[in-house]
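Structure below is my_file10.cif: mmCIF, C-alpha atoms.
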```cif
data_run
loop_
_atom_site.label_atom_id
_atom_site.label_comp_id
_atom_site.auth_asym_id
_atom_site.auth_seq_id
_atom_site.Cartn_x
_atom_site.Cartn_y
_atom_site.Cartn_z
CA MET H 1123 82.69 92.32 115.13
CA ARG H 1124 84.75 89.21 115.79
CA ILE H 1125 88.30 89.25 114.47
CA ASP H 1126 89.20 86.24 112.38
CA HIS H 1127 92.79 87.20 111.61
CA VAL H 1128 95.22 89.97 110.78
CA THR H 1129 97.74 89.74 107.95
CA PHE H 1130 101.36 90.70 108.60
CA ALA H 1131 103.35 91.19 105.39
CA GLY H 1132 107.04 90.96 104.62
CA PRO H 1133 109.35 90.13 101.70
CA ASP H 1134 110.58 86.82 103.18
CA LEU H 1135 108.34 84.42 105.10
CA ARG H 1136 111.22 82.62 106.81
CA ASP H 1137 112.54 85.93 108.06
CA LEU H 1138 109.13 86.80 109.49
CA GLU H 1139 109.00 83.42 111.23
CA ARG H 1140 112.46 84.00 112.69
CA ARG H 1141 111.54 87.43 114.01
CA PHE H 1142 108.36 86.24 115.70
CA ALA H 1143 110.16 83.27 117.23
CA GLN H 1144 112.57 85.76 118.81
CA VAL H 1145 109.67 87.41 120.67
CA GLY H 1146 108.25 84.10 121.86
CA MET H 1147 105.65 83.53 119.17
CA PRO H 1148 106.82 80.70 116.91
CA ALA H 1149 104.62 80.34 113.84
CA ASP H 1150 103.20 77.23 112.17
CA TYR H 1151 103.65 76.96 108.41
CA GLY H 1152 100.25 77.00 106.72
CA GLY H 1153 101.09 76.39 103.07
CA ALA H 1154 100.72 78.10 99.71
CA HIS H 1155 97.55 79.90 98.69
CA SER H 1156 95.50 78.82 95.69
CA ASN H 1157 96.67 81.96 93.84
CA GLY H 1158 100.03 80.20 93.39
CA VAL H 1159 101.93 83.35 94.41
CA THR H 1160 101.74 83.75 98.18
CA HIS H 1161 102.26 81.47 101.13
CA MET H 1162 101.72 81.93 104.83
CA SER H 1163 102.47 80.87 108.37
CA LEU H 1164 100.19 81.52 111.29
CA ILE H 1165 100.18 82.14 115.01
CA GLY H 1166 96.87 80.89 116.38
CA PHE H 1167 95.58 82.19 119.71
CA ARG H 1168 93.25 80.70 122.31
CA ASP H 1169 90.31 82.94 121.40
CA GLY H 1170 90.32 81.63 117.81
CA SER H 1171 91.91 84.68 116.22
CA TYR H 1172 95.26 84.41 114.51
CA LEU H 1173 98.09 86.35 112.99
CA GLU H 1174 98.85 85.44 109.37
CA LEU H 1175 102.45 85.99 108.29
CA ILE H 1176 102.36 86.38 104.51
CA SER H 1177 104.88 86.72 101.72
CA THR H 1178 105.45 85.55 98.16
CA LEU H 1179 106.80 82.13 97.28
CA ASP H 1180 109.30 83.81 94.95
CA PRO H 1181 110.95 86.92 96.41
CA GLY H 1182 109.78 90.07 94.66
CA ALA H 1183 106.98 88.36 92.74
CA ASP H 1184 103.88 90.40 91.96
CA SER H 1185 101.36 89.50 94.63
CA PRO H 1186 97.65 89.88 93.82
CA TRP H 1187 97.11 91.37 97.28
CA TRP H 1188 99.21 93.50 99.61
CA HIS H 1189 102.01 93.70 97.05
CA THR H 1190 103.31 97.07 98.26
CA ALA H 1191 103.11 96.02 101.90
CA ILE H 1192 104.97 92.77 101.21
CA LEU H 1193 107.81 94.49 99.35
CA ALA H 1194 108.07 97.24 101.96
CA GLY H 1195 107.97 94.86 104.92
CA ALA H 1196 105.08 96.95 106.21
CA GLY H 1197 103.87 94.46 108.83
CA PRO H 1198 100.09 94.80 109.42
CA SER H 1199 98.37 95.00 106.06
CA GLY H 1200 94.80 93.72 106.33
CA TRP H 1201 92.23 92.35 108.75
CA ALA H 1202 89.26 90.03 108.56
CA LEU H 1203 86.06 89.41 110.50
CA GLN H 1204 84.31 86.09 110.94
CA VAL H 1205 80.76 86.05 109.58
CA VAL H 1206 78.16 83.32 109.23
CA ASP H 1207 76.61 84.35 105.91
CA VAL H 1208 78.94 85.97 103.36
CA PRO H 1209 76.33 86.24 100.57
CA GLY H 1210 73.88 87.84 103.01
CA GLU H 1211 76.49 90.37 104.10
CA VAL H 1212 77.29 91.14 100.47
CA ARG H 1213 73.63 91.92 99.80
CA ARG H 1214 73.40 94.09 102.92
CA LEU H 1215 76.52 96.06 102.02
CA ARG H 1216 75.44 96.61 98.44
CA GLY H 1217 72.15 97.90 99.78
CA LEU H 1218 74.13 100.47 101.74
CA GLY H 1219 76.00 101.51 98.60
CA VAL H 1220 79.30 100.11 99.90
CA PRO H 1221 81.68 98.68 97.26
CA VAL H 1222 82.09 94.95 97.78
CA ARG H 1223 83.75 92.15 95.82
CA GLY H 1224 82.40 88.68 96.38
CA PRO H 1225 81.42 86.18 97.47
CA LEU H 1226 84.72 84.55 96.43
CA ARG H 1227 85.77 80.98 97.19
CA MET H 1228 89.43 80.33 97.90
CA GLY H 1229 91.65 77.86 99.67
CA ARG H 1230 94.98 76.18 100.20
CA VAL H 1231 96.37 72.76 101.05
CA ASN H 1232 97.60 72.64 104.62
CA PRO H 1233 100.85 70.85 105.61
CA LYS H 1234 98.87 67.70 106.45
CA GLY H 1235 97.66 67.53 102.86
CA LYS H 1236 94.11 68.56 103.66
CA ARG H 1237 92.25 70.93 101.38
CA VAL H 1238 91.15 74.05 103.27
CA ALA H 1239 88.41 76.21 101.76
CA TRP H 1240 86.68 79.44 102.71
CA GLU H 1241 84.41 82.12 101.33
CA LEU H 1242 85.39 85.79 101.25
CA ALA H 1243 84.05 89.23 100.53
CA PHE H 1244 86.33 92.25 100.12
CA VAL H 1245 84.66 95.37 101.46
CA GLY H 1246 85.43 98.95 100.45
CA GLU H 1247 88.14 100.38 98.24
CA GLY H 1248 91.80 99.42 98.12
CA GLU H 1249 93.53 96.25 99.27
CA PRO H 1250 91.50 93.61 101.15
CA GLY H 1251 91.03 94.68 104.74
CA SER H 1252 92.92 97.92 104.28
CA VAL H 1253 90.32 100.03 106.09
CA LEU H 1254 87.06 98.10 106.35
CA PRO H 1255 87.78 94.49 107.32
CA PHE H 1256 87.14 91.82 104.75
CA LEU H 1257 84.73 89.02 105.62
CA ILE H 1258 85.42 85.30 105.84
CA HIS H 1259 83.48 82.11 106.49
CA ASP H 1260 84.92 78.59 106.60
CA LEU H 1261 83.64 76.03 104.11
CA THR H 1262 85.73 73.27 105.66
CA PRO H 1263 86.13 72.71 109.42
CA ARG H 1264 87.86 75.70 110.96
CA SER H 1265 90.34 73.39 112.66
CA CYS H 1266 91.72 72.63 109.18
CA ARG H 1267 92.54 76.32 108.73
CA VAL H 1268 93.71 77.28 112.20
CA VAL H 1269 94.23 75.86 115.67
CA PRO H 1270 95.93 77.49 118.66
CA SER H 1271 99.68 77.36 118.12
CA ALA H 1272 101.74 75.28 120.52
CA GLY H 1273 104.10 78.19 121.14
CA VAL H 1274 101.41 80.45 122.65
CA VAL H 1275 98.46 78.26 123.66
CA ASP H 1276 99.72 77.76 127.22
CA GLY H 1277 100.83 81.37 127.66
CA PRO H 1278 99.17 84.58 128.86
CA LEU H 1279 98.14 85.91 125.43
CA ALA H 1280 94.45 85.37 124.65
CA GLY H 1281 94.32 86.73 121.09
CA VAL H 1282 93.98 89.80 118.91
CA ALA H 1283 92.12 92.35 121.02
CA ALA H 1284 92.13 95.28 118.60
CA VAL H 1285 93.34 96.41 115.20
CA VAL H 1286 94.67 99.96 114.82
CA VAL H 1287 93.82 101.30 111.34
CA ALA H 1288 95.68 104.30 109.93
CA VAL H 1289 93.39 106.58 107.93
CA ARG H 1290 93.75 109.96 106.31
CA ASP H 1291 90.40 111.46 107.35
CA LEU H 1292 89.35 110.45 110.85
CA ASP H 1293 85.85 111.96 110.76
CA ALA H 1294 84.98 110.37 107.42
CA SER H 1295 86.31 107.00 108.58
CA VAL H 1296 84.31 107.16 111.81
CA ASP H 1297 81.17 107.81 109.76
CA LEU H 1298 82.03 104.87 107.48
CA PHE H 1299 82.39 102.39 110.36
CA GLN H 1300 79.19 103.60 111.97
CA ARG H 1301 77.31 103.17 108.70
CA VAL H 1302 78.76 99.77 107.77
CA HIS H 1303 79.14 98.10 111.16
CA GLY H 1304 76.80 100.08 113.39
CA CYS H 1305 79.67 101.14 115.64
CA PRO H 1306 78.83 103.37 118.60
CA ALA H 1307 80.04 106.94 118.88
CA PRO H 1308 83.78 106.61 119.48
CA ARG H 1309 85.88 107.82 122.37
CA ARG H 1310 88.33 110.33 120.91
CA GLY H 1311 91.74 111.39 122.10
CA ARG H 1312 95.40 111.71 121.21
CA TRP H 1313 97.94 108.90 121.04
CA PRO H 1314 101.26 110.74 121.38
CA ALA H 1315 103.42 107.63 120.83
CA LEU H 1316 101.93 107.28 117.34
CA GLY H 1317 101.68 111.02 116.70
CA ALA H 1318 98.00 110.48 116.07
CA ALA H 1319 94.47 111.54 116.78
CA CYS H 1320 92.53 108.46 117.85
CA ALA H 1321 88.92 107.26 117.69
CA ARG H 1322 88.22 104.08 119.66
CA PHE H 1323 84.91 102.26 119.33
CA GLU H 1324 84.31 100.71 122.73
CA GLY H 1325 83.00 97.17 122.64
CA THR H 1326 84.57 96.57 119.23
CA PRO H 1327 88.07 95.57 118.14
CA CYS H 1328 88.49 98.68 115.98
CA VAL H 1329 90.69 101.72 116.67
CA LEU H 1330 91.14 104.43 114.02
CA VAL H 1331 94.14 106.76 113.99
CA ALA H 1332 95.05 109.71 111.78
CA PRO H 1333 98.38 111.55 111.81
CA VAL H 1334 98.84 114.84 113.58
CA GLY H 1335 101.53 116.71 111.68
CA ALA H 1336 102.85 116.24 108.17
CA ASP H 1337 106.22 114.88 109.33
CA SER H 1338 104.97 112.15 111.66
CA ALA H 1339 105.93 108.50 111.25
CA LEU H 1340 102.26 107.68 110.77
CA GLN H 1341 102.02 110.16 107.90
CA ARG H 1342 105.11 108.63 106.30
CA ARG H 1343 103.53 105.20 106.55
CA LEU H 1344 100.35 106.45 104.90
CA ASP H 1345 102.43 107.97 102.11
CA ALA H 1346 104.34 104.71 101.62
CA VAL H 1347 101.65 102.02 101.85
CA GLY H 1348 98.33 103.87 102.04
CA GLN H 1349 95.50 103.44 104.48
CA SER H 1350 95.79 100.13 106.31
CA PRO H 1351 96.20 98.58 109.74
CA CYS H 1352 99.35 100.06 111.28
CA ALA H 1353 99.41 98.13 114.55
CA LEU H 1354 97.61 95.38 116.38
CA LEU H 1355 97.02 94.90 120.07
CA LEU H 1356 97.12 91.48 121.72
CA GLY H 1357 94.99 90.92 124.79
CA ALA H 1358 96.64 89.25 127.77
CA ASP H 1359 95.10 87.47 130.74
CA ASP H 1360 98.19 88.47 132.76
CA PHE H 1361 99.75 91.68 131.47
CA GLU H 1362 103.04 91.46 133.39
CA ALA H 1363 103.55 87.80 132.52
CA ALA H 1364 102.92 88.50 128.83
CA VAL H 1365 105.35 91.43 128.85
CA ALA H 1366 108.08 89.27 130.38
CA ARG H 1367 107.47 86.24 128.15
CA HIS H 1368 107.36 88.15 124.87
CA ARG H 1369 110.19 90.66 125.33
CA ALA H 1370 107.91 93.68 125.39
CA GLY H 1371 109.09 97.11 126.40
CA PRO H 1372 107.88 99.18 129.35
CA ALA H 1373 104.19 99.87 129.71
CA ARG H 1374 103.04 103.08 128.05
CA SER H 1375 99.71 104.82 128.05
CA TRP H 1376 97.31 104.73 125.13
CA PRO H 1377 93.68 105.88 124.90
CA GLY H 1378 92.48 102.47 126.10
CA GLY H 1379 94.80 102.02 129.09
CA ARG H 1380 98.27 100.45 129.10
CA VAL H 1381 100.22 99.02 126.18
CA ALA H 1382 103.67 97.41 126.01
CA TRP H 1383 105.20 97.14 122.54
CA LEU H 1384 107.05 94.04 121.44
CA ASP H 1385 110.74 94.48 120.62
CA GLU H 1386 110.75 97.08 117.85
CA ASP H 1387 114.28 96.22 116.75
CA VAL H 1388 113.31 92.59 116.19
CA LEU H 1389 109.99 93.26 114.46
CA GLY H 1390 111.22 96.33 112.57
CA GLY H 1391 108.77 98.82 114.04
CA ARG H 1392 106.10 99.59 116.61
CA TRP H 1393 103.56 97.16 115.24
CA ILE H 1394 102.39 94.81 117.98
CA GLY H 1395 101.45 95.76 121.50
CA ILE H 1396 100.21 93.85 124.53
CA VAL H 1397 97.18 95.30 126.35
#
```

Before we go any further, please render this structure as structure tokens.
Amino acid sequence: MRIDHVTFAGPDLRDLERRFAQVGMPADYGGAHSNGVTHMSLIGFRDGSYLELISTLDPGADSPWWHTAILAGAGPSGWALQVVDVPGEVRRLRGLGVPVRGPLRMGRVNPKGKRVAWELAFVGEGEPGSVLPFLIHDLTPRSCRVVPSAGVVDGPLAGVAAVVVAVRDLDASVDLFQRVHGCPAPRRGRWPALGAACARFEGTPCVLVAPVGADSALQRRLDAVGQSPCALLLGADDFEAAVARHRAGPARSWPGGRVAWLDEDVLGGRWIGIV
């Protein structure tokens, strides 16, 4: 399971760019999507993964994907895995009885005027990448779609280490990931900072969380935007240097070790942590 990218949604792309620049992660504008509704900027990391900041070209427009998350400024909204053979994965998933849409070919024109194209498959119910990650394979050179961003390439952040997915039923979701992706039995625990029960699949970039208590912030997020990634964790070669460079808060414990959250006031919530 190799993370390709994570989408981070908000109602105004320029505002998202401004906020990430404030925490030391300036984004590169990527252009408008072929759907004619959304556009994006990206923060590319050294390991090849990237963070896609996404919004609509016209504020409040109906987006074909992640519409609720965009309007609500929900931050993490979907995640994608790199695969070599999208049609082959589609056949495999259908054989498992898993709902899948695709293969689909899409693209955009990057700021250098080059056509960028890729092939997708949306796996499971709901928005793309809401619980099960969607799948992507480049049809044009990957360097046309993403390269490490100048603002982070020389820094201590390596890339997206894990995606934290908020789900309603932890046991059912664990079974789903084991069936679809062959994940090992997870390590389970509590994540008090999120008010959540946690299942972490070691050796994979996937962490599942479900709210503990009907009045938790995680439950309110599920009620507002549904099941989806609720946080992402960036891996650092030098934890202390990354915390200092990116205005992260004090180190806290989480079921996988230490995490320091980026400035919640700037980003609007506890969405991105350094591990």

(request) May I ask which of the residues H:Ala1143, H:Val1275, H:Ala1315, H:Val1331 is the closest one to Pro1351 of chain H, counting only C-alpha atoms? (result) H:Val1331

(request) Give as a PyMOL selection string the residues that the PyMOL selection byres ((chain H and resi 1203-1219) around 6) matches when applied to the coordinates above. (result) chain H and resi 1124-1126+1202+1220+1225+1257-1259

(request) Could you tell me which of H:His1155, H:His1303, H:Arg1141, H:Arg1264 comes closest to Met1123 of chain H if we count all atoms listed in the file? (result) H:His1303

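For the pair atom CA of Thr1190 of chain H and atom CA of Glu1386 of chain H, the interatomic distance is 21.0 Å.
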
(request) Figure out the distance between atom CA of Ser1199 of chain H and atom CA of Ala1319 of chain H, please, to one decimal in Å. (result)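 Separation of atom CA of Ala1319 of chain H and atom CA of Ser1199 of chain H: 20.1 Å.
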
(request) Give as a PyMOL selection string the residues that the PyMOL selection byres ((chain H and resi 1369-1376) around 10) matches when applied to the coordinates above. (result) chain H and resi 1144-1146+1311-1316+1320+1361-1362+1364-1368+1377-1386+1388+1394-1397

(request) With a distance cut-off of 6 Å and only C-alpha atoms, select the neighbouring residues of segment 1279-1286 of chain H, excluding the residue or stretch itself and same-chain residues fewer than 2 positions from it, and output the selection as a PyMOL selection string. (result) chain H and resi 1167-1169+1171+1277+1327-1330+1351-1358

(request) Point out the residue among H:Met1147, H:Gly1153, H:Gln1349, H:Leu1193 with the least atom-to-atom distance to Ser1295 of chain H, counting all atoms listed in the file. (result) H:Gln1349

(request) Rank H:Ala1363, H:Val1253, H:Val1128, H:Val1245 by their smallest atom-to-atom distance to Gly1170 of chain H, using all atoms listed in the file, and report the top residue only. (result) H:Val1128

(message) Around (88.7, 74.5, 107.5), as given in the file, which residues come within 10 Å? Count all atoms listed in the file and list them as a list in words.
(response) Gly1229, Arg1230, Asn1232, Lys1236, Arg1237, Val1238, Ala1239, Trp1240, His1259, Asp1260, Leu1261, Thr1262, Pro1263, Arg1264, Ser1265, Cys1266, Arg1267, Val1268 and Val1269 of chain H

(message) Applying 12 Å and all atoms listed in the file, which residues near Ala1307 of chain H remain after dropping the ones on its own chain fewer than 6 positions away? List them as a ChimeraX atom specification.
(response) /H:1293,1296-1301,1321-1326

Those residues you just picked out, can you put them in a file as a PDB file, in the frame of the given file with C-alpha atoms?
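Result file is selection_19.pdb:
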```
ATOM      1  CA  ASP H1293      85.850 111.960 110.760  1.00  0.00           C
ATOM      2  CA  VAL H1296      84.310 107.160 111.810  1.00  0.00           C
ATOM      3  CA  ASP H1297      81.170 107.810 109.760  1.00  0.00           C
ATOM      4  CA  LEU H1298      82.030 104.870 107.480  1.00  0.00           C
ATOM      5  CA  PHE H1299      82.390 102.390 110.360  1.00  0.00           C
ATOM      6  CA  GLN H1300      79.190 103.600 111.970  1.00  0.00           C
ATOM      7  CA  ARG H1301      77.310 103.170 108.700  1.00  0.00           C
ATOM      8  CA  ALA H1321      88.920 107.260 117.690  1.00  0.00           C
ATOM      9  CA  ARG H1322      88.220 104.080 119.660  1.00  0.00           C
ATOM     10  CA  PHE H1323      84.910 102.260 119.330  1.00  0.00           C
ATOM     11  CA  GLU H1324      84.310 100.710 122.730  1.00  0.00           C
ATOM     12  CA  GLY H1325      83.000  97.170 122.640  1.00  0.00           C
ATOM     13  CA  THR H1326      84.570  96.570 119.230  1.00  0.00           C
TER      14      THR H1326
END
```

Will you model N, CA and C atoms for segment 1245-1277 of chain H and pass it back as a tab-separated table (two decimals), in the coordinates of the input?
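Now in part.tsv:
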```tsv
chain	number	residue	atom	x	y	z
H	1245	VAL	N	85.57	94.27	101.22
H	1245	VAL	CA	84.66	95.37	101.46
H	1245	VAL	C	85.41	96.70	101.33
H	1246	GLY	N	84.83	97.64	100.58
H	1246	GLY	CA	85.43	98.95	100.45
H	1246	GLY	C	86.46	99.01	99.34
H	1247	GLU	N	87.14	100.15	99.27
H	1247	GLU	CA	88.14	100.38	98.24
H	1247	GLU	C	89.51	99.88	98.72
H	1248	GLY	N	90.43	99.75	97.76
H	1248	GLY	CA	91.80	99.42	98.12
H	1248	GLY	C	92.03	97.95	98.35
H	1249	GLU	N	93.15	97.64	99.00
H	1249	GLU	CA	93.53	96.25	99.27
H	1249	GLU	C	92.53	95.61	100.24
H	1250	PRO	N	92.41	94.28	100.21
H	1250	PRO	CA	91.50	93.61	101.15
H	1250	PRO	C	91.83	93.95	102.60
H	1251	GLY	N	90.83	94.40	103.32
H	1251	GLY	CA	91.03	94.68	104.74
H	1251	GLY	C	91.89	95.88	105.02
H	1252	SER	N	92.05	96.78	104.05
H	1252	SER	CA	92.92	97.92	104.28
H	1252	SER	C	92.31	98.91	105.25
H	1253	VAL	N	91.03	99.19	105.12
H	1253	VAL	CA	90.32	100.03	106.09
H	1253	VAL	C	89.17	99.21	106.67
H	1254	LEU	N	88.12	99.01	105.91
H	1254	LEU	CA	87.06	98.10	106.35
H	1254	LEU	C	87.57	96.67	106.31
H	1255	PRO	N	87.31	95.87	107.34
H	1255	PRO	CA	87.78	94.49	107.32
H	1255	PRO	C	87.08	93.69	106.24
H	1256	PHE	N	87.83	92.73	105.65
H	1256	PHE	CA	87.14	91.82	104.75
H	1256	PHE	C	86.47	90.73	105.58
H	1257	LEU	N	85.59	89.97	104.93
H	1257	LEU	CA	84.73	89.02	105.62
H	1257	LEU	C	85.09	87.61	105.20
H	1258	ILE	N	85.02	86.67	106.14
H	1258	ILE	CA	85.42	85.30	105.84
H	1258	ILE	C	84.52	84.32	106.58
H	1259	HIS	N	84.26	83.20	105.90
H	1259	HIS	CA	83.48	82.11	106.49
H	1259	HIS	C	84.09	80.80	106.02
H	1260	ASP	N	84.31	79.88	106.94
H	1260	ASP	CA	84.92	78.59	106.60
H	1260	ASP	C	83.93	77.68	105.89
H	1261	LEU	N	84.41	77.05	104.82
H	1261	LEU	CA	83.64	76.03	104.11
H	1261	LEU	C	84.07	74.63	104.50
H	1262	THR	N	85.24	74.52	105.07
H	1262	THR	CA	85.73	73.27	105.66
H	1262	THR	C	85.87	73.52	107.16
H	1263	PRO	N	86.02	72.47	107.97
H	1263	PRO	CA	86.13	72.71	109.42
H	1263	PRO	C	87.22	73.73	109.75
H	1264	ARG	N	86.91	74.65	110.63
H	1264	ARG	CA	87.86	75.70	110.96
H	1264	ARG	C	89.18	75.14	111.47
H	1265	SER	N	89.12	73.99	112.13
H	1265	SER	CA	90.34	73.39	112.66
H	1265	SER	C	91.31	73.00	111.55
H	1266	CYS	N	90.81	72.88	110.30
H	1266	CYS	CA	91.72	72.63	109.18
H	1266	CYS	C	92.51	73.89	108.83
H	1267	ARG	N	91.90	75.05	109.10
H	1267	ARG	CA	92.54	76.32	108.73
H	1267	ARG	C	93.42	76.86	109.85
H	1268	VAL	N	92.94	76.74	111.10
H	1268	VAL	CA	93.71	77.28	112.20
H	1268	VAL	C	93.37	76.57	113.50
H	1269	VAL	N	94.39	76.32	114.29
H	1269	VAL	CA	94.23	75.86	115.67
H	1269	VAL	C	95.20	76.68	116.52
H	1270	PRO	N	94.97	76.77	117.82
H	1270	PRO	CA	95.93	77.49	118.66
H	1270	PRO	C	97.34	76.92	118.50
H	1271	SER	N	98.30	77.79	118.34
H	1271	SER	CA	99.68	77.36	118.12
H	1271	SER	C	100.32	76.91	119.43
H	1272	ALA	N	101.12	75.86	119.32
H	1272	ALA	CA	101.74	75.28	120.52
H	1272	ALA	C	102.61	76.30	121.26
H	1273	GLY	N	103.20	77.24	120.52
H	1273	GLY	CA	104.10	78.19	121.14
H	1273	GLY	C	103.42	79.24	121.99
H	1274	VAL	N	102.10	79.41	121.87
H	1274	VAL	CA	101.41	80.45	122.65
H	1274	VAL	C	100.19	79.93	123.40
H	1275	VAL	N	99.73	78.73	123.11
H	1275	VAL	CA	98.46	78.26	123.66
H	1275	VAL	C	98.48	78.17	125.19
H	1276	ASP	N	99.65	77.88	125.77
H	1276	ASP	CA	99.72	77.76	127.22
H	1276	ASP	C	100.21	79.04	127.89
H	1277	GLY	N	100.31	80.13	127.13
H	1277	GLY	CA	100.83	81.37	127.66
H	1277	GLY	C	99.74	82.36	128.02
```
